[in-house]
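Dumped protein23.cif below, it's mmCIF, C-alpha atoms; chains and numbers go by the auth columns:
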```cif
data_entry
#
loop_
_atom_site.group_PDB
_atom_site.id
_atom_site.type_symbol
_atom_site.label_atom_id
_atom_site.label_comp_id
_atom_site.label_asym_id
_atom_site.label_seq_id
_atom_site.Cartn_x
_atom_site.Cartn_y
_atom_site.Cartn_z
_atom_site.B_iso_or_equiv
_atom_site.auth_seq_id
_atom_site.auth_asym_id
ATOM 1 C CA MET A 1 17.808 5.979 40.282 0.00 1 A
ATOM 2 C CA LYS A 2 15.156 7.067 37.785 0.00 2 A
ATOM 3 C CA ALA A 3 12.091 4.822 37.707 0.00 3 A
ATOM 4 C CA ALA A 4 11.351 3.081 34.411 0.00 4 A
ATOM 5 C CA ALA A 5 8.529 4.592 32.355 0.00 5 A
ATOM 6 C CA ALA A 6 5.363 2.519 32.109 0.00 6 A
ATOM 7 C CA TYR A 7 4.993 0.489 28.940 0.00 7 A
ATOM 8 C CA ASN A 8 2.087 1.732 26.809 0.00 8 A
ATOM 9 C CA LEU A 9 0.811 -1.327 24.974 0.00 9 A
ATOM 10 C CA THR A 10 -1.801 0.392 22.820 0.00 10 A
ATOM 11 C CA ASP A 11 0.630 3.017 21.535 0.00 11 A
ATOM 12 C CA ASP A 12 3.070 0.270 20.561 0.00 12 A
ATOM 13 C CA VAL A 13 0.373 -1.836 18.872 0.00 13 A
ATOM 14 C CA ALA A 14 -0.811 1.225 16.930 0.00 14 A
ATOM 15 C CA LEU A 15 2.736 1.802 15.631 0.00 15 A
ATOM 16 C CA CYS A 16 3.012 -1.859 14.657 0.00 16 A
ATOM 17 C CA VAL A 17 -0.291 -1.691 12.744 0.00 17 A
ATOM 18 C CA HIS A 18 0.887 1.466 10.963 0.00 18 A
ATOM 19 C CA LEU A 19 3.971 -0.373 9.701 0.00 19 A
ATOM 20 C CA LEU A 20 2.001 -3.489 8.787 0.00 20 A
ATOM 21 C CA ALA A 21 -0.432 -1.434 6.683 0.00 21 A
ATOM 22 C CA ARG A 22 2.473 0.156 4.800 0.00 22 A
ATOM 23 C CA ARG A 23 4.583 -2.943 4.231 0.00 23 A
ATOM 24 C CA VAL A 24 2.214 -5.933 3.980 0.00 24 A
ATOM 25 C CA GLU A 25 0.330 -5.773 0.689 0.00 25 A
ATOM 26 C CA LYS A 26 -2.759 -7.645 1.879 0.00 26 A
ATOM 27 C CA LEU A 27 -3.151 -5.104 4.697 0.00 27 A
ATOM 28 C CA SER A 28 -2.715 -2.041 2.487 0.00 28 A
ATOM 29 C CA HIS A 29 -6.461 -1.324 2.699 0.00 29 A
ATOM 30 C CA LEU A 30 -6.115 -0.472 6.403 0.00 30 A
ATOM 31 C CA ARG A 31 -6.158 3.156 7.474 0.00 31 A
ATOM 32 C CA PRO A 32 -4.493 2.956 10.896 0.00 32 A
ATOM 33 C CA ALA A 33 -5.581 6.454 11.964 0.00 33 A
ATOM 34 C CA GLN A 34 -9.189 5.214 11.856 0.00 34 A
ATOM 35 C CA ILE A 35 -8.543 2.195 14.102 0.00 35 A
ATOM 36 C CA LEU A 36 -8.550 2.594 17.889 0.00 36 A
ATOM 37 C CA HIS A 37 -6.714 0.163 20.166 0.00 37 A
ATOM 38 C CA GLY A 38 -7.703 -0.405 23.782 0.00 38 A
ATOM 39 C CA ILE A 39 -7.103 -2.722 26.731 0.00 39 A
ATOM 40 C CA THR A 40 -9.350 -4.376 29.260 0.00 40 A
ATOM 41 C CA GLN A 41 -8.695 -6.766 32.117 0.00 41 A
ATOM 42 C CA ALA A 42 -9.353 -10.464 31.578 0.00 42 A
ATOM 43 C CA ARG A 43 -11.601 -12.005 34.223 0.00 43 A
ATOM 44 C CA ASN A 44 -8.971 -14.586 35.110 0.00 44 A
ATOM 45 C CA ARG A 45 -5.386 -15.557 34.325 0.00 45 A
ATOM 46 C CA SER A 46 -6.363 -18.707 32.439 0.00 46 A
ATOM 47 C CA ARG A 47 -4.711 -19.232 29.062 0.00 47 A
ATOM 48 C CA TYR A 48 -8.128 -20.140 27.672 0.00 48 A
ATOM 49 C CA GLY A 49 -10.552 -17.404 26.769 0.00 49 A
ATOM 50 C CA VAL A 50 -10.740 -14.243 24.697 0.00 50 A
ATOM 51 C CA TYR A 51 -7.403 -12.669 23.743 0.00 51 A
ATOM 52 C CA ALA A 52 -8.689 -9.750 21.660 0.00 52 A
ATOM 53 C CA GLU A 53 -11.854 -8.454 20.004 0.00 53 A
ATOM 54 C CA CYS A 54 -12.360 -6.521 16.782 0.00 54 A
ATOM 55 C CA HIS A 55 -15.405 -4.244 16.552 0.00 55 A
ATOM 56 C CA GLY A 56 -16.824 -2.567 13.455 0.00 56 A
ATOM 57 C CA LEU A 57 -18.682 0.712 13.846 0.00 57 A
ATOM 58 C CA ARG A 58 -20.934 0.321 10.807 0.00 58 A
ATOM 59 C CA PHE A 59 -23.498 -2.225 9.591 0.00 59 A
ATOM 60 C CA LYS A 60 -23.327 -4.337 6.444 0.00 60 A
ATOM 61 C CA ASP A 61 -21.868 -2.565 3.407 0.00 61 A
ATOM 62 C CA GLY A 62 -20.719 0.268 5.643 0.00 62 A
ATOM 63 C CA ARG A 63 -24.223 1.551 6.388 0.00 63 A
ATOM 64 C CA ARG A 64 -24.564 3.658 9.484 0.00 64 A
ATOM 65 C CA GLU A 65 -28.284 2.867 9.864 0.00 65 A
ATOM 66 C CA HIS A 66 -30.175 -0.421 10.012 0.00 66 A
ATOM 67 C CA VAL A 67 -33.984 -0.569 9.872 0.00 67 A
ATOM 68 C CA ALA A 68 -35.915 -3.558 11.246 0.00 68 A
ATOM 69 C CA GLY A 69 -39.684 -3.358 11.644 0.00 69 A
ATOM 70 C CA ARG A 70 -40.743 -0.582 14.008 0.00 70 A
ATOM 71 C CA TYR A 71 -37.207 0.396 14.997 0.00 71 A
ATOM 72 C CA ALA A 72 -33.929 1.473 13.534 0.00 72 A
ATOM 73 C CA TRP A 73 -30.393 1.427 14.870 0.00 73 A
ATOM 74 C CA VAL A 74 -27.821 4.122 14.211 0.00 74 A
ATOM 75 C CA TRP A 75 -24.116 3.911 14.962 0.00 75 A
ATOM 76 C CA PRO A 76 -22.632 6.963 16.685 0.00 76 A
ATOM 77 C CA GLU A 77 -19.998 8.978 14.892 0.00 77 A
ATOM 78 C CA VAL A 78 -16.791 8.493 16.860 0.00 78 A
ATOM 79 C CA ARG A 79 -14.008 11.002 16.267 0.00 79 A
ATOM 80 C CA VAL A 80 -10.533 11.274 17.781 0.00 80 A
ATOM 81 C CA ARG A 81 -8.613 14.477 17.097 0.00 81 A
ATOM 82 C CA GLY A 82 -10.996 15.194 14.232 0.00 82 A
ATOM 83 C CA GLN A 83 -10.533 11.781 12.607 0.00 83 A
ATOM 84 C CA GLU A 84 -13.561 9.510 12.199 0.00 84 A
ATOM 85 C CA ILE A 85 -13.024 6.080 13.769 0.00 85 A
ATOM 86 C CA LEU A 86 -14.434 3.048 11.943 0.00 86 A
ATOM 87 C CA TYR A 87 -12.941 0.170 13.975 0.00 87 A
ATOM 88 C CA TYR A 88 -11.595 -0.546 17.420 0.00 88 A
ATOM 89 C CA ILE A 89 -9.709 -3.540 18.802 0.00 89 A
ATOM 90 C CA THR A 90 -9.620 -4.455 22.480 0.00 90 A
ATOM 91 C CA TYR A 91 -6.821 -6.568 24.010 0.00 91 A
ATOM 92 C CA PHE A 92 -7.498 -8.604 27.146 0.00 92 A
ATOM 93 C CA LEU A 93 -4.685 -8.369 29.689 0.00 93 A
ATOM 94 C CA PRO A 94 -2.743 -10.164 30.876 0.00 94 A
ATOM 95 C CA ARG A 95 -4.044 -13.026 28.694 0.00 95 A
ATOM 96 C CA PHE A 96 -3.052 -11.423 25.375 0.00 96 A
ATOM 97 C CA LEU A 97 0.534 -11.008 26.601 0.00 97 A
ATOM 98 C CA ASP A 98 0.671 -14.464 28.182 0.00 98 A
ATOM 99 C CA GLN A 99 0.604 -16.076 24.734 0.00 99 A
ATOM 100 C CA PRO A 100 3.868 -17.157 23.047 0.00 100 A
ATOM 101 C CA PRO A 101 5.316 -14.285 20.955 0.00 101 A
ATOM 102 C CA GLN A 102 4.351 -15.825 17.604 0.00 102 A
ATOM 103 C CA GLN A 103 0.798 -16.332 18.822 0.00 103 A
ATOM 104 C CA ARG A 104 0.553 -12.681 19.894 0.00 104 A
ATOM 105 C CA LEU A 105 1.364 -11.646 16.332 0.00 105 A
ATOM 106 C CA ASN A 106 -1.144 -14.177 15.026 0.00 106 A
ATOM 107 C CA THR A 107 -3.841 -12.759 17.329 0.00 107 A
ATOM 108 C CA LEU A 108 -3.155 -9.202 16.176 0.00 108 A
ATOM 109 C CA LEU A 109 -3.285 -10.181 12.494 0.00 109 A
ATOM 110 C CA HIS A 110 -6.396 -12.287 13.089 0.00 110 A
ATOM 111 C CA GLU A 111 -8.233 -9.209 14.357 0.00 111 A
ATOM 112 C CA LEU A 112 -6.933 -7.003 11.535 0.00 112 A
ATOM 113 C CA TRP A 113 -8.051 -9.585 8.961 0.00 113 A
ATOM 114 C CA HIS A 114 -11.633 -9.236 10.221 0.00 114 A
ATOM 115 C CA ILE A 115 -11.634 -5.661 8.875 0.00 115 A
ATOM 116 C CA SER A 116 -13.468 -5.335 5.564 0.00 116 A
ATOM 117 C CA PRO A 117 -11.248 -4.944 2.470 0.00 117 A
ATOM 118 C CA ARG A 118 -13.376 -1.869 1.706 0.00 118 A
ATOM 119 C CA PHE A 119 -12.501 -0.389 5.103 0.00 119 A
ATOM 120 C CA ASP A 120 -16.023 0.965 5.440 0.00 120 A
ATOM 121 C CA GLY A 121 -16.720 0.106 9.095 0.00 121 A
ATOM 122 C CA ASP A 122 -18.149 -3.316 8.243 0.00 122 A
ATOM 123 C CA LEU A 123 -16.366 -6.615 8.857 0.00 123 A
ATOM 124 C CA ARG A 124 -14.959 -9.013 6.269 0.00 124 A
ATOM 125 C CA ARG A 125 -17.722 -11.350 5.105 0.00 125 A
ATOM 126 C CA PHE A 126 -17.707 -14.790 3.489 0.00 126 A
ATOM 127 C CA SER A 127 -20.266 -16.958 1.754 0.00 127 A
ATOM 128 C CA GLY A 128 -21.627 -19.958 3.609 0.00 128 A
ATOM 129 C CA ARG A 129 -22.900 -20.517 7.118 0.00 129 A
ATOM 130 C CA ASN A 130 -20.023 -18.791 8.905 0.00 130 A
ATOM 131 C CA GLU A 131 -20.358 -15.340 7.389 0.00 131 A
ATOM 132 C CA PHE A 132 -17.463 -13.788 9.282 0.00 132 A
ATOM 133 C CA HIS A 133 -14.967 -16.620 9.437 0.00 133 A
ATOM 134 C CA GLY A 134 -14.550 -18.404 6.100 0.00 134 A
ATOM 135 C CA PRO A 135 -12.896 -21.810 5.667 0.00 135 A
ATOM 136 C CA ARG A 136 -9.529 -20.290 4.694 0.00 136 A
ATOM 137 C CA PHE A 137 -9.507 -17.583 7.346 0.00 137 A
ATOM 138 C CA ASP A 138 -6.868 -19.167 9.593 0.00 138 A
ATOM 139 C CA HIS A 139 -4.752 -20.159 6.580 0.00 139 A
ATOM 140 C CA ASP A 140 -4.808 -16.553 5.359 0.00 140 A
ATOM 141 C CA VAL A 141 -3.776 -15.285 8.804 0.00 141 A
ATOM 142 C CA ASP A 142 -0.853 -17.740 8.898 0.00 142 A
ATOM 143 C CA ALA A 143 0.288 -16.416 5.510 0.00 143 A
ATOM 144 C CA LEU A 144 0.020 -12.850 6.817 0.00 144 A
ATOM 145 C CA CYS A 145 2.221 -13.788 9.788 0.00 145 A
ATOM 146 C CA ALA A 146 4.931 -15.103 7.487 0.00 146 A
ATOM 147 C CA GLU A 147 4.820 -11.989 5.320 0.00 147 A
ATOM 148 C CA ALA A 148 4.789 -9.654 8.323 0.00 148 A
ATOM 149 C CA ALA A 149 7.863 -11.358 9.789 0.00 149 A
ATOM 150 C CA SER A 150 9.730 -10.704 6.538 0.00 150 A
ATOM 151 C CA GLN A 151 8.689 -7.050 6.248 0.00 151 A
ATOM 152 C CA ILE A 152 9.095 -5.568 9.737 0.00 152 A
ATOM 153 C CA ASP A 153 11.509 -6.024 12.619 0.00 153 A
ATOM 154 C CA LEU A 154 9.268 -7.720 15.157 0.00 154 A
ATOM 155 C CA GLU A 155 11.988 -7.538 17.809 0.00 155 A
ATOM 156 C CA ARG A 156 11.567 -3.766 18.014 0.00 156 A
ATOM 157 C CA PHE A 157 8.141 -4.194 19.611 0.00 157 A
ATOM 158 C CA PRO A 158 8.305 -5.162 23.294 0.00 158 A
ATOM 159 C CA PHE A 159 4.836 -6.739 23.235 0.00 159 A
ATOM 160 C CA LEU A 160 6.121 -9.227 20.633 0.00 160 A
ATOM 161 C CA ARG A 161 9.260 -10.033 22.670 0.00 161 A
ATOM 162 C CA TRP A 162 8.267 -10.229 26.323 0.00 162 A
ATOM 163 C CA ASN A 163 5.264 -11.547 28.196 0.00 163 A
ATOM 164 C CA PHE A 164 3.252 -9.663 30.805 0.00 164 A
ATOM 165 C CA GLU A 165 5.528 -10.548 33.743 0.00 165 A
ATOM 166 C CA GLU A 166 8.667 -9.652 31.796 0.00 166 A
ATOM 167 C CA LEU A 167 7.229 -6.331 30.644 0.00 167 A
ATOM 168 C CA THR A 168 6.198 -5.505 34.198 0.00 168 A
ATOM 169 C CA ALA A 169 9.686 -6.320 35.456 0.00 169 A
ATOM 170 C CA ARG A 170 11.262 -4.075 32.796 0.00 170 A
ATOM 171 C CA TYR A 171 8.851 -1.146 32.829 0.00 171 A
ATOM 172 C CA GLY A 172 7.148 -1.317 36.206 0.00 172 A
ATOM 173 C CA THR A 173 3.654 -1.544 34.735 0.00 173 A
ATOM 174 C CA VAL A 174 1.776 -2.074 31.486 0.00 174 A
ATOM 175 C CA VAL A 175 -0.748 0.609 30.550 0.00 175 A
ATOM 176 C CA GLY A 176 -2.944 1.470 27.599 0.00 176 A
ATOM 177 C CA THR A 177 -6.057 3.264 26.445 0.00 177 A
ATOM 178 C CA ARG A 178 -9.280 2.020 28.026 0.00 178 A
ATOM 179 C CA LEU A 179 -12.225 2.245 25.676 0.00 179 A
ATOM 180 C CA LYS A 180 -15.916 2.081 26.404 0.00 180 A
ATOM 181 C CA ARG A 181 -17.955 -0.321 24.291 0.00 181 A
ATOM 182 C CA PHE A 182 -19.624 1.635 21.522 0.00 182 A
ATOM 183 C CA ARG A 183 -23.144 0.515 20.631 0.00 183 A
ATOM 184 C CA PRO A 184 -25.679 1.577 17.988 0.00 184 A
ATOM 185 C CA ARG A 185 -28.523 3.740 19.265 0.00 185 A
ATOM 186 C CA ARG A 186 -32.103 2.573 18.768 0.00 186 A
ATOM 187 C CA VAL A 187 -34.409 5.176 17.200 0.00 187 A
ATOM 188 C CA HIS A 188 -37.793 5.263 15.506 0.00 188 A
ATOM 189 C CA PRO A 189 -37.533 4.961 11.699 0.00 189 A
ATOM 190 C CA ALA A 190 -39.321 8.297 11.393 0.00 190 A
ATOM 191 C CA GLU A 191 -36.164 9.915 12.802 0.00 191 A
ATOM 192 C CA LEU A 192 -34.161 8.690 9.805 0.00 192 A
ATOM 193 C CA PRO A 193 -34.061 10.328 6.365 0.00 193 A
ATOM 194 C CA THR A 194 -37.119 9.380 4.290 0.00 194 A
ATOM 195 C CA SER A 195 -35.105 7.093 1.992 0.00 195 A
ATOM 196 C CA LEU A 196 -34.130 4.935 4.966 0.00 196 A
ATOM 197 C CA ALA A 197 -37.449 4.813 6.787 0.00 197 A
ATOM 198 C CA VAL A 198 -38.749 1.601 5.158 0.00 198 A
ATOM 199 C CA ALA A 199 -37.288 -1.697 6.309 0.00 199 A
ATOM 200 C CA PRO A 200 -35.792 -3.867 3.530 0.00 200 A
ATOM 201 C CA HIS A 201 -37.626 -7.150 2.883 0.00 201 A
ATOM 202 C CA GLY A 202 -36.645 -9.813 5.412 0.00 202 A
ATOM 203 C CA SER A 203 -34.694 -7.423 7.634 0.00 203 A
ATOM 204 C CA ARG A 204 -34.273 -8.090 11.327 0.00 204 A
ATOM 205 C CA ALA A 205 -32.739 -6.511 14.366 0.00 205 A
ATOM 206 C CA PRO A 206 -28.913 -6.525 14.281 0.00 206 A
ATOM 207 C CA GLY A 207 -27.363 -9.216 16.454 0.00 207 A
ATOM 208 C CA ARG A 208 -24.433 -8.361 18.699 0.00 208 A
ATOM 209 C CA GLN A 209 -22.235 -11.023 17.088 0.00 209 A
ATOM 210 C CA ARG A 210 -22.560 -9.264 13.764 0.00 210 A
ATOM 211 C CA GLN A 211 -20.294 -6.490 14.994 0.00 211 A
ATOM 212 C CA LEU A 212 -18.087 -8.293 17.506 0.00 212 A
ATOM 213 C CA PHE A 213 -15.252 -10.715 16.824 0.00 213 A
ATOM 214 C CA SER A 214 -12.817 -12.328 19.176 0.00 214 A
ATOM 215 C CA PHE A 215 -9.824 -14.608 19.027 0.00 215 A
#
```
Would you mind giving the structure from this file in C-alpha cells?
Amino acid sequence: MKAAAAYNLTDDVALCVHLLARRVEKLSHLRPAQILHGITQARNRSRYGVYAECHGLRFKDGRREHVAGRYAWVWPEVRVRGQEILYYITYFLPRFLDQPPQQRLNTLLHELWHISPRFDGDLRRFSGRNEFHGPRFDHDVDALCAEAASQIDLERFPFLRWNFEELTARYGTVVGTRLKRFRPRRVHPAELPTSLAVAPHGSRAPGRQRQLFSF
C-alpha cells in the first residue's frame, strides 16, 4: 500500500491567498508572489497564544532605510526565484490548525489585512494610539471572511477543513517551509546615500513591534 504524501500547509495557504487576491476586491492590492508563507512550532499545545504573525520587510511608507541619530537600519533585499519578497507570514503549529475552521480563515485574513494597501513592504496604519490595529480592524476582517466564503470553495483547502490531528491521520504528517526571521541590518548613516544620511526631526530607533504582528 502506497504511503500518503505529506500535507504541505504553506503551499496550500499560498494557493488560497492567490485565489483570495483575485476574487476578493478588498484584497486585490495583494501580490501573492511577493508574500512568503512559513511554519514554526508553537511552544505548547495550549489554545491560547500566537496563531500567526505577519512581517513587513520595509519601514514606514515602504522605505528600506531608517535613520535614527548615529545609526541607520537597512532591510535586506529578499528574493525567491528572482522575485523580491515584501512580506512573510508565519503560522504556529499545531496551534493554528487547532482552531475551528472558521477561525483559521479569520486568522489568515487578519494577517493579510495587516498588509499595506500600497503593498510597499510597510504595514497597514491607522490614526490614533493603536497605529496598526484601528477600531474597525476586526469588523473589517469579519466582512472579508463573509466575502471570501462567497467567492472561493473553502472546502477544497484541507487546512480549512481538518485540524492538525485529522490532517496527520490523512496525510501522515504536516510539513511546510521554515523561514528564518529577517531583521534590518544596523549601519552607520555614512554608509547610506547622501540624501538619507541625516535623521528626520524626532526620529528614533525602529521598534520590533513596528514590523511584527500576530493574531
Which is closer to Gly121 of chain A than all the others in A:Phe92, A:Trp75, A:Trp162, A:Tyr171, using only C-alpha atoms?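 Closest residue, counting only C-alpha atoms: A:Trp75.
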Around all the atoms of segment 83-88 of chain A listed in the file, draw an axis-aligned box and extend it by 6 Å on each of the six sides; I want its centre and edge lengths in Å to one decimal, as AutoDock Vina command-line options.
```
--center_x -12.5 --center_y 5.6 --center_z 14.7 --size_x 15.9 --size_y 24.3 --size_z 17.5
```
For the structure shown, which residues end up in the PyMOL selection byres ((chain A and resi 164-169) around 10)? Put them as a ChimeraX atom specification, please? /A:4,6-7,9,93-99,158-159,161-163,170-175
Atoms kept (C-alpha atoms) for selection, written as a PDB file, in the coordinates of the input:
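Printed below is again04.pdb as written:
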```pdb
ATOM      1  CA  ALA A   4      11.351   3.081  34.411  1.00  0.00           C
ATOM      2  CA  ALA A   6       5.363   2.519  32.109  1.00  0.00           C
ATOM      3  CA  TYR A   7       4.993   0.489  28.940  1.00  0.00           C
ATOM      4  CA  LEU A   9       0.811  -1.327  24.974  1.00  0.00           C
ATOM      5  CA  LEU A  93      -4.685  -8.369  29.689  1.00  0.00           C
ATOM      6  CA  PRO A  94      -2.743 -10.164  30.876  1.00  0.00           C
ATOM      7  CA  ARG A  95      -4.044 -13.026  28.694  1.00  0.00           C
ATOM      8  CA  PHE A  96      -3.052 -11.423  25.375  1.00  0.00           C
ATOM      9  CA  LEU A  97       0.534 -11.008  26.601  1.00  0.00           C
ATOM     10  CA  ASP A  98       0.671 -14.464  28.182  1.00  0.00           C
ATOM     11  CA  GLN A  99       0.604 -16.076  24.734  1.00  0.00           C
ATOM     12  CA  PRO A 158       8.305  -5.162  23.294  1.00  0.00           C
ATOM     13  CA  PHE A 159       4.836  -6.739  23.235  1.00  0.00           C
ATOM     14  CA  ARG A 161       9.260 -10.033  22.670  1.00  0.00           C
ATOM     15  CA  TRP A 162       8.267 -10.229  26.323  1.00  0.00           C
ATOM     16  CA  ASN A 163       5.264 -11.547  28.196  1.00  0.00           C
ATOM     17  CA  ARG A 170      11.262  -4.075  32.796  1.00  0.00           C
ATOM     18  CA  TYR A 171       8.851  -1.146  32.829  1.00  0.00           C
ATOM     19  CA  GLY A 172       7.148  -1.317  36.206  1.00  0.00           C
ATOM     20  CA  THR A 173       3.654  -1.544  34.735  1.00  0.00           C
ATOM     21  CA  VAL A 174       1.776  -2.074  31.486  1.00  0.00           C
ATOM     22  CA  VAL A 175      -0.748   0.609  30.550  1.00  0.00           C
TER      23      VAL A 175
END
```
Selection in question (the file shown): the PyMOL selection byres ((chain A and resi 150-154) around 9). Which residues does it include, as a count of residues only? 17
When you look at Ile115 of chain A with a cut-off of 7 Å (counting all atoms listed in the file), what residues show up, excluding the ones that are within fewer than 5 positions of it in the same chain? I need them as a VMD selection string. chain A and resid 122 to 124
Option closest in space to His188 of chain A, from A:Gly69, A:Gly49, A:Gly38, A:Gly56 [counting only C-alpha atoms]: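 Closest to His188 of chain A of all the choices is A:Gly69.
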When you count only C-alpha atoms, which of these residues is closest to His29 of chain A: A:Pro117, A:Pro76, A:Pro100, A:Gly62?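 For His29 of chain A, the nearest of the candidates is A:Pro117.
The spacing separating atom CA of Leu144 of chain A from atom CA of Gln102 of chain A amounts to 12.0 Å.
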